[in-house]
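Below is one structure, written out as structure tokens; the observations come after it.
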Amino acid sequence: MVRYTAAFANQKGGVGKTTSCINIAAAVAAKGYRVLLVDCDPQGNTTSGLGISKKEVRHTTYEGLLGEAVPQDCVLTTGVENLFLVPSTIQLAGAEFELIDMEKREGQMRRFLDGLTEDYDFAMIDCPPSLSMLTVNALTASDGVIIPMQCEYYALEGLSQLMLTIRKVKQLYNSRLSVLGILITMYNGRLNLSVQVLDEIKKYYADKLFPEPIPRSVKLTEAPSYGVPAVLYDKYNKGTQAYGKAAEEILRRTGFTAGG
């Protein structure tokens with residue numbers, strides 16, 4: 001059973017979605033909660049970012065979604081205490097086509113999570129950078145959506161598209177779905193454009209914004225090459241500390257206490 005499921009979603013690539021998913025999951029796990037990371041992106045960056053070889057995994061999100069493996073058999077332990085992973089490989093790209101002919105295809109991720117035999121406080125799903133059937137599955141299975149986004153020119157246009165998709169999924173498949181928060185990533189307050197875009201986002205979504213943006217940081221980009229979350233790679237870095245605060249805000253917004 002999973003107590004709360006959150007999807008990290010943004011159809012635009014390169015916005016720090018996977019970095020945010022890994023580091024927030026690790027920060028929440030460090031507070032004593034059992035967290036299940038679900039890699040729902042065929043690129044498998046969440047999997048490799050936790051130091052797990054995609055060549056060696058047997059059961060992945062692909063088998064889980066298509067019902068070809070027992071859900072709990074798809075779960076791996078990681079090098080981080082309380083953090084577990086359902087890995088992904090490029091094979092997951094084929095699930096888009098195989099789901100088309102399945103009955104209630106939008107509900108396969110929910111079925112998968114409901115079939116878990118172990119208990120988890122959180123499931124955090126790293127969605128692909130597209131509004132695909134994989135993303136719809138993740139949203140249908142989730143209680144909340146976390147939207148990582150950069151302060152750039154096209155950000156608001158993409159955000160409007162995503163909000164429309166979330167409303168449609170809520171209406172058609174998942175009435176409990178809501179936006180848990182918008183997380184500004186790779187922020188540089190010295191750039192006028194970043195400040196202007198952030199001010200514009202505040203006009204429409206002030207109540208959804210996380211209090212503190214995630215700043216640009218070399219350490220955040222280095223950590224995946226070592227196969228560990230940045231919050232463990234360098235816990236004193238400004239970027240990792242910002243992710244720690246984001247994790248605390250998620251616990252507050254979801255009604256969890258700070259101590260597992």
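Following the order of the structure tokens, chains are lettered A, B, ..., residues in each are numbered from 1, and ligands are numbered from 1.
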
Next item on the list: For region 117-126 of chain A, please output as a PyMOL selection string all residues within 7 Å (counting only C-alpha atoms; exclusion window: fewer than 6 positions along the same chain).
Entry: chain A and resi 1-9+18+21+25+33-41+72+138

Item checked: Contact residues around region 73-80 of chain A with only C-alpha atoms at 7 Å, ignoring same-chain residues under 4 positions, as a PyMOL selection string -> chain A and resi 59-60+64+69+84-86

Next item on the list: Pick out the closest residue to Arg176 (chain A) from this set: A:Ala141, A:Val195, A:Val231, A:Leu113. Count only C-alpha atoms.
Entry: A:Ala141

DSSP on the backbone: what in region 26-162 of chain A comes out strand (DSSP E), as a short mmCIF file (atom, residue, chain, number, x, y, z; two decimals) with all heavy atoms, in the first residue's frame?
data_model
loop_
_atom_site.label_atom_id
_atom_site.label_comp_id
_atom_site.auth_asym_id
_atom_site.auth_seq_id
_atom_site.Cartn_x
_atom_site.Cartn_y
_atom_site.Cartn_z
N VAL A 35 10.07 5.48 0.92
CA VAL A 35 9.74 6.15 -0.34
C VAL A 35 10.04 5.21 -1.51
O VAL A 35 11.13 4.66 -1.61
CB VAL A 35 10.55 7.45 -0.51
CG1 VAL A 35 10.16 8.15 -1.80
CG2 VAL A 35 10.32 8.38 0.69
N LEU A 36 9.05 5.07 -2.39
CA LEU A 36 9.21 4.27 -3.60
C LEU A 36 9.31 5.20 -4.79
O LEU A 36 8.38 5.95 -5.10
CB LEU A 36 8.01 3.33 -3.78
CG LEU A 36 8.03 2.47 -5.06
CD1 LEU A 36 9.18 1.48 -5.03
CD2 LEU A 36 6.69 1.74 -5.23
N LEU A 37 10.45 5.18 -5.46
CA LEU A 37 10.65 5.96 -6.69
C LEU A 37 10.24 5.08 -7.87
O LEU A 37 10.73 3.96 -7.99
CB LEU A 37 12.12 6.35 -6.84
CG LEU A 37 12.53 7.77 -6.48
CD1 LEU A 37 14.03 7.92 -6.61
CD2 LEU A 37 11.83 8.78 -7.38
N VAL A 38 9.38 5.58 -8.73
CA VAL A 38 8.97 4.83 -9.91
C VAL A 38 9.49 5.56 -11.14
O VAL A 38 9.09 6.69 -11.44
CB VAL A 38 7.43 4.70 -9.99
CG1 VAL A 38 7.04 3.89 -11.23
CG2 VAL A 38 6.88 4.05 -8.73
N ASP A 39 10.42 4.93 -11.83
CA ASP A 39 10.99 5.52 -13.05
C ASP A 39 10.04 5.21 -14.21
O ASP A 39 9.99 4.09 -14.71
CB ASP A 39 12.37 4.93 -13.31
CG ASP A 39 13.15 5.72 -14.36
OD1 ASP A 39 12.53 6.53 -15.07
OD2 ASP A 39 14.37 5.52 -14.46
N LEU A 76 13.34 -2.56 -6.33
CA LEU A 76 14.73 -2.78 -5.94
C LEU A 76 15.07 -1.93 -4.72
O LEU A 76 14.52 -0.84 -4.54
CB LEU A 76 15.68 -2.39 -7.08
CG LEU A 76 15.51 -3.07 -8.43
CD1 LEU A 76 16.50 -2.48 -9.42
CD2 LEU A 76 15.70 -4.58 -8.31
N THR A 77 15.97 -2.43 -3.89
CA THR A 77 16.54 -1.58 -2.86
C THR A 77 17.61 -0.69 -3.50
O THR A 77 18.14 -1.02 -4.56
CB THR A 77 17.17 -2.41 -1.73
OG1 THR A 77 18.17 -3.28 -2.30
CG2 THR A 77 16.13 -3.25 -1.01
N LEU A 83 14.83 4.20 0.74
CA LEU A 83 14.51 4.59 -0.64
C LEU A 83 14.54 3.35 -1.54
O LEU A 83 15.54 2.64 -1.60
CB LEU A 83 15.50 5.63 -1.16
CG LEU A 83 15.22 6.20 -2.56
CD1 LEU A 83 13.88 6.95 -2.57
CD2 LEU A 83 16.34 7.15 -2.98
N PHE A 84 13.44 3.12 -2.25
CA PHE A 84 13.29 1.96 -3.11
C PHE A 84 12.99 2.43 -4.54
O PHE A 84 12.55 3.55 -4.74
CB PHE A 84 12.16 1.06 -2.59
CG PHE A 84 12.36 0.63 -1.16
CD1 PHE A 84 11.94 1.45 -0.11
CD2 PHE A 84 12.98 -0.57 -0.85
CE1 PHE A 84 12.13 1.08 1.21
CE2 PHE A 84 13.18 -0.95 0.46
CZ PHE A 84 12.77 -0.13 1.50
N LEU A 85 13.22 1.56 -5.50
CA LEU A 85 13.11 1.96 -6.90
C LEU A 85 12.45 0.91 -7.76
O LEU A 85 12.76 -0.29 -7.66
CB LEU A 85 14.51 2.24 -7.48
CG LEU A 85 14.57 2.53 -8.99
CD1 LEU A 85 13.98 3.90 -9.31
CD2 LEU A 85 16.00 2.42 -9.50
N VAL A 86 11.53 1.35 -8.61
CA VAL A 86 11.06 0.54 -9.74
C VAL A 86 11.81 1.09 -10.96
O VAL A 86 11.56 2.22 -11.38
CB VAL A 86 9.54 0.65 -9.94
CG1 VAL A 86 9.11 -0.19 -11.15
CG2 VAL A 86 8.79 0.20 -8.69
N TYR A 120 4.47 1.61 1.74
CA TYR A 120 5.33 2.76 1.47
C TYR A 120 4.56 4.02 1.87
O TYR A 120 3.36 4.13 1.62
CB TYR A 120 5.72 2.83 -0.01
CG TYR A 120 6.43 1.59 -0.49
CD1 TYR A 120 5.71 0.55 -1.08
CD2 TYR A 120 7.80 1.44 -0.33
CE1 TYR A 120 6.35 -0.61 -1.50
CE2 TYR A 120 8.45 0.29 -0.75
CZ TYR A 120 7.72 -0.73 -1.33
OH TYR A 120 8.34 -1.88 -1.74
N ASP A 121 5.27 4.98 2.46
CA ASP A 121 4.63 6.24 2.80
C ASP A 121 4.39 7.08 1.55
O ASP A 121 3.33 7.70 1.42
CB ASP A 121 5.51 7.02 3.80
CG ASP A 121 5.67 6.26 5.11
OD1 ASP A 121 4.65 6.04 5.79
OD2 ASP A 121 6.81 5.88 5.45
N PHE A 122 5.36 7.08 0.66
CA PHE A 122 5.25 7.85 -0.57
C PHE A 122 5.64 6.99 -1.78
O PHE A 122 6.56 6.19 -1.69
CB PHE A 122 6.20 9.06 -0.56
CG PHE A 122 5.77 10.19 0.32
CD1 PHE A 122 6.21 10.25 1.64
CD2 PHE A 122 4.95 11.20 -0.16
CE1 PHE A 122 5.83 11.30 2.46
CE2 PHE A 122 4.57 12.25 0.66
CZ PHE A 122 5.00 12.30 1.97
N ALA A 123 4.95 7.21 -2.88
CA ALA A 123 5.45 6.80 -4.20
C ALA A 123 5.67 8.09 -4.98
O ALA A 123 4.81 8.97 -4.98
CB ALA A 123 4.46 5.91 -4.92
N MET A 124 6.82 8.23 -5.59
CA MET A 124 7.14 9.40 -6.39
C MET A 124 7.47 8.94 -7.80
O MET A 124 8.40 8.16 -7.99
CB MET A 124 8.28 10.21 -5.76
CG MET A 124 7.92 10.74 -4.38
SD MET A 124 9.16 11.86 -3.70
CE MET A 124 8.39 12.24 -2.11
N ILE A 125 6.68 9.40 -8.75
CA ILE A 125 6.79 8.92 -10.13
C ILE A 125 7.47 9.96 -11.01
O ILE A 125 7.00 11.10 -11.12
CB ILE A 125 5.38 8.61 -10.71
CG1 ILE A 125 4.61 7.66 -9.78
CG2 ILE A 125 5.51 8.01 -12.11
CD1 ILE A 125 3.16 7.44 -10.22
N ASP A 126 8.57 9.57 -11.62
CA ASP A 126 9.27 10.45 -12.57
C ASP A 126 8.68 10.22 -13.95
O ASP A 126 8.89 9.18 -14.58
CB ASP A 126 10.77 10.14 -12.56
CG ASP A 126 11.55 11.11 -13.44
OD1 ASP A 126 11.05 12.22 -13.70
OD2 ASP A 126 12.66 10.74 -13.88
N GLY A 144 -1.21 13.85 -6.03
CA GLY A 144 -0.76 15.20 -6.31
C GLY A 144 0.28 15.24 -7.42
O GLY A 144 0.91 14.22 -7.73
N VAL A 145 0.46 16.42 -8.00
CA VAL A 145 1.44 16.62 -9.06
C VAL A 145 2.43 17.69 -8.62
O VAL A 145 2.03 18.76 -8.14
CB VAL A 145 0.78 17.08 -10.38
CG1 VAL A 145 1.80 17.10 -11.51
CG2 VAL A 145 -0.40 16.19 -10.74
N ILE A 146 3.70 17.40 -8.77
CA ILE A 146 4.76 18.39 -8.54
C ILE A 146 5.30 18.77 -9.91
O ILE A 146 5.68 17.90 -10.70
CB ILE A 146 5.87 17.82 -7.64
CG1 ILE A 146 5.29 17.50 -6.25
CG2 ILE A 146 7.03 18.80 -7.52
CD1 ILE A 146 6.22 16.71 -5.38
N ILE A 147 5.32 20.06 -10.19
CA ILE A 147 5.71 20.55 -11.52
C ILE A 147 7.03 21.30 -11.42
O ILE A 147 7.07 22.46 -11.01
CB ILE A 147 4.63 21.48 -12.11
CG1 ILE A 147 3.28 20.78 -12.13
CG2 ILE A 147 5.02 21.93 -13.51
CD1 ILE A 147 2.11 21.69 -12.51
N PRO A 148 8.16 20.65 -11.77
CA PRO A 148 9.43 21.38 -11.83
C PRO A 148 9.46 22.20 -13.12
O PRO A 148 9.08 21.71 -14.19
CB PRO A 148 10.48 20.26 -11.86
CG PRO A 148 9.73 18.99 -11.53
CD PRO A 148 8.33 19.22 -12.01
N MET A 149 9.92 23.44 -13.03
CA MET A 149 9.98 24.27 -14.23
C MET A 149 11.05 25.35 -14.10
O MET A 149 11.37 25.79 -13.01
CB MET A 149 8.62 24.90 -14.55
CG MET A 149 8.08 25.84 -13.50
SD MET A 149 6.46 26.51 -13.96
CE MET A 149 6.89 27.48 -15.39
#

Check: For Glu56 (chain A), which residue out of A:Pro87, A:Gln43, A:Leu220, A:Thr135 is the nearest one, using only C-alpha atoms?
Finding: A:Pro87

Note to self: Report as a list in words all protein, DNA and RNA residues lying within 7 Å of Thr89 (chain A), evaluated on only C-alpha atoms, omitting residues in the same chain fewer than 5 positions from it.
What the structure shows: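 Selected residues are Pro42, Gln43, Gly44 and Lys54 of chain A.
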
Include all heavy atoms and write out the residues we just selected as a PDB file, in the first residue's frame.
ATOM      1  N   PRO A  42      11.260   6.239 -20.286  1.00  0.00           N
ATOM      2  CA  PRO A  42      12.068   5.260 -21.018  1.00  0.00           C
ATOM      3  C   PRO A  42      13.570   5.583 -21.037  1.00  0.00           C
ATOM      4  O   PRO A  42      14.393   4.688 -21.231  1.00  0.00           O
ATOM      5  CB  PRO A  42      11.490   5.313 -22.438  1.00  0.00           C
ATOM      6  CG  PRO A  42      10.078   5.769 -22.249  1.00  0.00           C
ATOM      7  CD  PRO A  42      10.131   6.742 -21.107  1.00  0.00           C
ATOM      8  N   GLN A  43      13.928   6.841 -20.815  1.00  0.00           N
ATOM      9  CA  GLN A  43      15.349   7.193 -20.769  1.00  0.00           C
ATOM     10  C   GLN A  43      16.039   6.585 -19.547  1.00  0.00           C
ATOM     11  O   GLN A  43      17.257   6.401 -19.543  1.00  0.00           O
ATOM     12  CB  GLN A  43      15.511   8.713 -20.751  1.00  0.00           C
ATOM     13  CG  GLN A  43      14.998   9.389 -22.014  1.00  0.00           C
ATOM     14  CD  GLN A  43      15.103  10.900 -21.915  1.00  0.00           C
ATOM     15  OE1 GLN A  43      16.159  11.469 -22.175  1.00  0.00           O
ATOM     16  NE2 GLN A  43      14.019  11.546 -21.529  1.00  0.00           N
ATOM     17  N   GLY A  44      15.267   6.315 -18.511  1.00  0.00           N
ATOM     18  CA  GLY A  44      15.809   5.634 -17.333  1.00  0.00           C
ATOM     19  C   GLY A  44      16.829   6.423 -16.540  1.00  0.00           C
ATOM     20  O   GLY A  44      17.680   5.846 -15.863  1.00  0.00           O
ATOM     21  N   LYS A  54      21.089  -0.420 -15.890  1.00  0.00           N
ATOM     22  CA  LYS A  54      19.871  -0.815 -16.610  1.00  0.00           C
ATOM     23  C   LYS A  54      20.045  -2.163 -17.319  1.00  0.00           C
ATOM     24  O   LYS A  54      19.058  -2.827 -17.638  1.00  0.00           O
ATOM     25  CB  LYS A  54      19.483   0.286 -17.604  1.00  0.00           C
ATOM     26  CG  LYS A  54      18.918   1.521 -16.925  1.00  0.00           C
ATOM     27  CD  LYS A  54      18.599   2.621 -17.901  1.00  0.00           C
ATOM     28  CE  LYS A  54      19.808   3.448 -18.217  1.00  0.00           C
ATOM     29  NZ  LYS A  54      19.494   4.659 -19.005  1.00  0.00           N
TER      30      LYS A  54
END

Note to self: Let me make sure I understand: among A:Ala247, A:Ala26, A:Arg253, A:Asn192, which one has the smallest atom-to-atom distance to Leu232 (chain A) if we use only C-alpha atoms?
What the structure shows: A:Ala26

Next item on the list: Figure out the distance between CA of Gly49 (chain A) and CA of Leu92 (chain A), please, to one decimal in Å.
Entry: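 Rounded to one decimal, the two atoms are 17.3 Å apart.
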
Check: In region 38-136 of chain A, what's alpha helix (DSSP H) per DSSP? Answer as a VMD selection string?
Finding: chain A and resid 45 to 49 61 to 65 95 to 98 108 to 114 133 to 136

Any chance you can output those residues with C-alpha atoms as a PDB file, in the first residue's frame?
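Saved to selection08.pdb:
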ATOM      1  CA  ASN A  45      17.729   8.549 -15.855  1.00  0.00           C
ATOM      2  CA  THR A  46      16.250   8.023 -12.399  1.00  0.00           C
ATOM      3  CA  THR A  47      17.518   4.450 -12.516  1.00  0.00           C
ATOM      4  CA  SER A  48      21.058   5.316 -13.565  1.00  0.00           C
ATOM      5  CA  GLY A  49      21.057   8.351 -11.267  1.00  0.00           C
ATOM      6  CA  THR A  61       8.123  -0.369 -14.939  1.00  0.00           C
ATOM      7  CA  TYR A  62       7.433  -1.908 -18.350  1.00  0.00           C
ATOM      8  CA  GLU A  63       6.574  -5.344 -16.948  1.00  0.00           C
ATOM      9  CA  GLY A  64       4.734  -3.726 -14.064  1.00  0.00           C
ATOM     10  CA  LEU A  65       2.460  -1.618 -16.265  1.00  0.00           C
ATOM     11  CA  ALA A  95       4.457   0.376 -23.616  1.00  0.00           C
ATOM     12  CA  GLU A  96       2.840   3.370 -25.320  1.00  0.00           C
ATOM     13  CA  PHE A  97       1.743   1.115 -28.182  1.00  0.00           C
ATOM     14  CA  GLU A  98       0.955  -1.948 -26.096  1.00  0.00           C
ATOM     15  CA  GLN A 108      -2.416   0.459 -15.216  1.00  0.00           C
ATOM     16  CA  MET A 109      -0.068   2.412 -12.959  1.00  0.00           C
ATOM     17  CA  ARG A 110      -2.741   2.621 -10.280  1.00  0.00           C
ATOM     18  CA  ARG A 111      -3.305  -1.123 -10.563  1.00  0.00           C
ATOM     19  CA  PHE A 112       0.426  -1.703 -10.253  1.00  0.00           C
ATOM     20  CA  LEU A 113       0.773   0.428  -7.113  1.00  0.00           C
ATOM     21  CA  ASP A 114      -2.339  -1.118  -5.563  1.00  0.00           C
ATOM     22  CA  MET A 133      -0.128   7.685 -22.072  1.00  0.00           C
ATOM     23  CA  LEU A 134       2.697   7.035 -19.600  1.00  0.00           C
ATOM     24  CA  THR A 135       2.160  10.482 -18.095  1.00  0.00           C
ATOM     25  CA  VAL A 136      -1.617  10.004 -18.065  1.00  0.00           C
TER      26      VAL A 136
END

Note to self: Set the distance at 9 Å and use only C-alpha atoms: which residues neighbour Ala246 (chain A) once local chain neighbours fewer than 2 positions away are removed? I'd like the list as a PyMOL selection string.
What the structure shows: chain A and resi 24+27+183+210-214+241-244+248-251

Store the residues of this selection in a file with N, CA, C and O atoms, as a PDB file, in the first residue's frame.
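What ended up in part39.pdb:
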ATOM      1  N   ILE A  24      14.320  15.012  -3.889  1.00  0.00           N
ATOM      2  CA  ILE A  24      13.223  15.151  -2.938  1.00  0.00           C
ATOM      3  C   ILE A  24      12.884  13.801  -2.323  1.00  0.00           C
ATOM      4  O   ILE A  24      12.648  13.690  -1.117  1.00  0.00           O
ATOM      5  N   ALA A  27      15.551  13.050   0.209  1.00  0.00           N
ATOM      6  CA  ALA A  27      15.422  13.922   1.385  1.00  0.00           C
ATOM      7  C   ALA A  27      14.260  13.477   2.274  1.00  0.00           C
ATOM      8  O   ALA A  27      14.361  13.512   3.503  1.00  0.00           O
ATOM      9  N   LEU A 183       7.622  23.870  -8.628  1.00  0.00           N
ATOM     10  CA  LEU A 183       8.983  24.010  -8.102  1.00  0.00           C
ATOM     11  C   LEU A 183       9.875  24.660  -9.160  1.00  0.00           C
ATOM     12  O   LEU A 183      10.112  24.083 -10.229  1.00  0.00           O
ATOM     13  N   PHE A 210       6.431  26.594  -4.578  1.00  0.00           N
ATOM     14  CA  PHE A 210       7.239  26.271  -3.408  1.00  0.00           C
ATOM     15  C   PHE A 210       7.929  27.565  -2.964  1.00  0.00           C
ATOM     16  O   PHE A 210       8.303  28.393  -3.795  1.00  0.00           O
ATOM     17  N   PRO A 211       8.110  27.744  -1.656  1.00  0.00           N
ATOM     18  CA  PRO A 211       8.639  29.011  -1.148  1.00  0.00           C
ATOM     19  C   PRO A 211      10.020  29.381  -1.672  1.00  0.00           C
ATOM     20  O   PRO A 211      10.331  30.556  -1.813  1.00  0.00           O
ATOM     21  N   GLU A 212      10.839  28.367  -1.946  1.00  0.00           N
ATOM     22  CA  GLU A 212      12.224  28.654  -2.328  1.00  0.00           C
ATOM     23  C   GLU A 212      12.585  27.976  -3.647  1.00  0.00           C
ATOM     24  O   GLU A 212      12.436  26.757  -3.783  1.00  0.00           O
ATOM     25  N   PRO A 213      13.072  28.753  -4.650  1.00  0.00           N
ATOM     26  CA  PRO A 213      13.522  28.129  -5.902  1.00  0.00           C
ATOM     27  C   PRO A 213      14.774  27.282  -5.674  1.00  0.00           C
ATOM     28  O   PRO A 213      15.505  27.481  -4.706  1.00  0.00           O
ATOM     29  N   ILE A 214      15.002  26.340  -6.590  1.00  0.00           N
ATOM     30  CA  ILE A 214      16.229  25.536  -6.559  1.00  0.00           C
ATOM     31  C   ILE A 214      17.267  26.256  -7.421  1.00  0.00           C
ATOM     32  O   ILE A 214      17.068  26.424  -8.628  1.00  0.00           O
ATOM     33  N   GLN A 241      20.443  21.873  -0.213  1.00  0.00           N
ATOM     34  CA  GLN A 241      19.713  22.407   0.934  1.00  0.00           C
ATOM     35  C   GLN A 241      18.327  22.909   0.513  1.00  0.00           C
ATOM     36  O   GLN A 241      17.352  22.758   1.261  1.00  0.00           O
ATOM     37  N   ALA A 242      18.258  23.471  -0.687  1.00  0.00           N
ATOM     38  CA  ALA A 242      16.957  23.921  -1.200  1.00  0.00           C
ATOM     39  C   ALA A 242      16.032  22.736  -1.433  1.00  0.00           C
ATOM     40  O   ALA A 242      14.819  22.820  -1.168  1.00  0.00           O
ATOM     41  N   TYR A 243      16.582  21.620  -1.900  1.00  0.00           N
ATOM     42  CA  TYR A 243      15.756  20.412  -2.073  1.00  0.00           C
ATOM     43  C   TYR A 243      15.293  19.880  -0.721  1.00  0.00           C
ATOM     44  O   TYR A 243      14.184  19.360  -0.596  1.00  0.00           O
ATOM     45  N   GLY A 244      16.136  20.008   0.287  1.00  0.00           N
ATOM     46  CA  GLY A 244      15.726  19.599   1.628  1.00  0.00           C
ATOM     47  C   GLY A 244      14.539  20.406   2.119  1.00  0.00           C
ATOM     48  O   GLY A 244      13.594  19.857   2.714  1.00  0.00           O
ATOM     49  N   GLU A 248      10.611  19.226   2.993  1.00  0.00           N
ATOM     50  CA  GLU A 248       9.883  19.595   4.209  1.00  0.00           C
ATOM     51  C   GLU A 248       8.534  20.227   3.863  1.00  0.00           C
ATOM     52  O   GLU A 248       7.530  19.980   4.539  1.00  0.00           O
ATOM     53  N   GLU A 249       8.510  21.023   2.812  1.00  0.00           N
ATOM     54  CA  GLU A 249       7.256  21.660   2.393  1.00  0.00           C
ATOM     55  C   GLU A 249       6.263  20.628   1.875  1.00  0.00           C
ATOM     56  O   GLU A 249       5.054  20.728   2.115  1.00  0.00           O
ATOM     57  N   ILE A 250       6.767  19.614   1.180  1.00  0.00           N
ATOM     58  CA  ILE A 250       5.899  18.540   0.699  1.00  0.00           C
ATOM     59  C   ILE A 250       5.286  17.791   1.876  1.00  0.00           C
ATOM     60  O   ILE A 250       4.092  17.480   1.883  1.00  0.00           O
ATOM     61  N   LEU A 251       6.092  17.504   2.887  1.00  0.00           N
ATOM     62  CA  LEU A 251       5.576  16.828   4.078  1.00  0.00           C
ATOM     63  C   LEU A 251       4.499  17.681   4.741  1.00  0.00           C
ATOM     64  O   LEU A 251       3.475  17.169   5.197  1.00  0.00           O
TER      65      LEU A 251
END
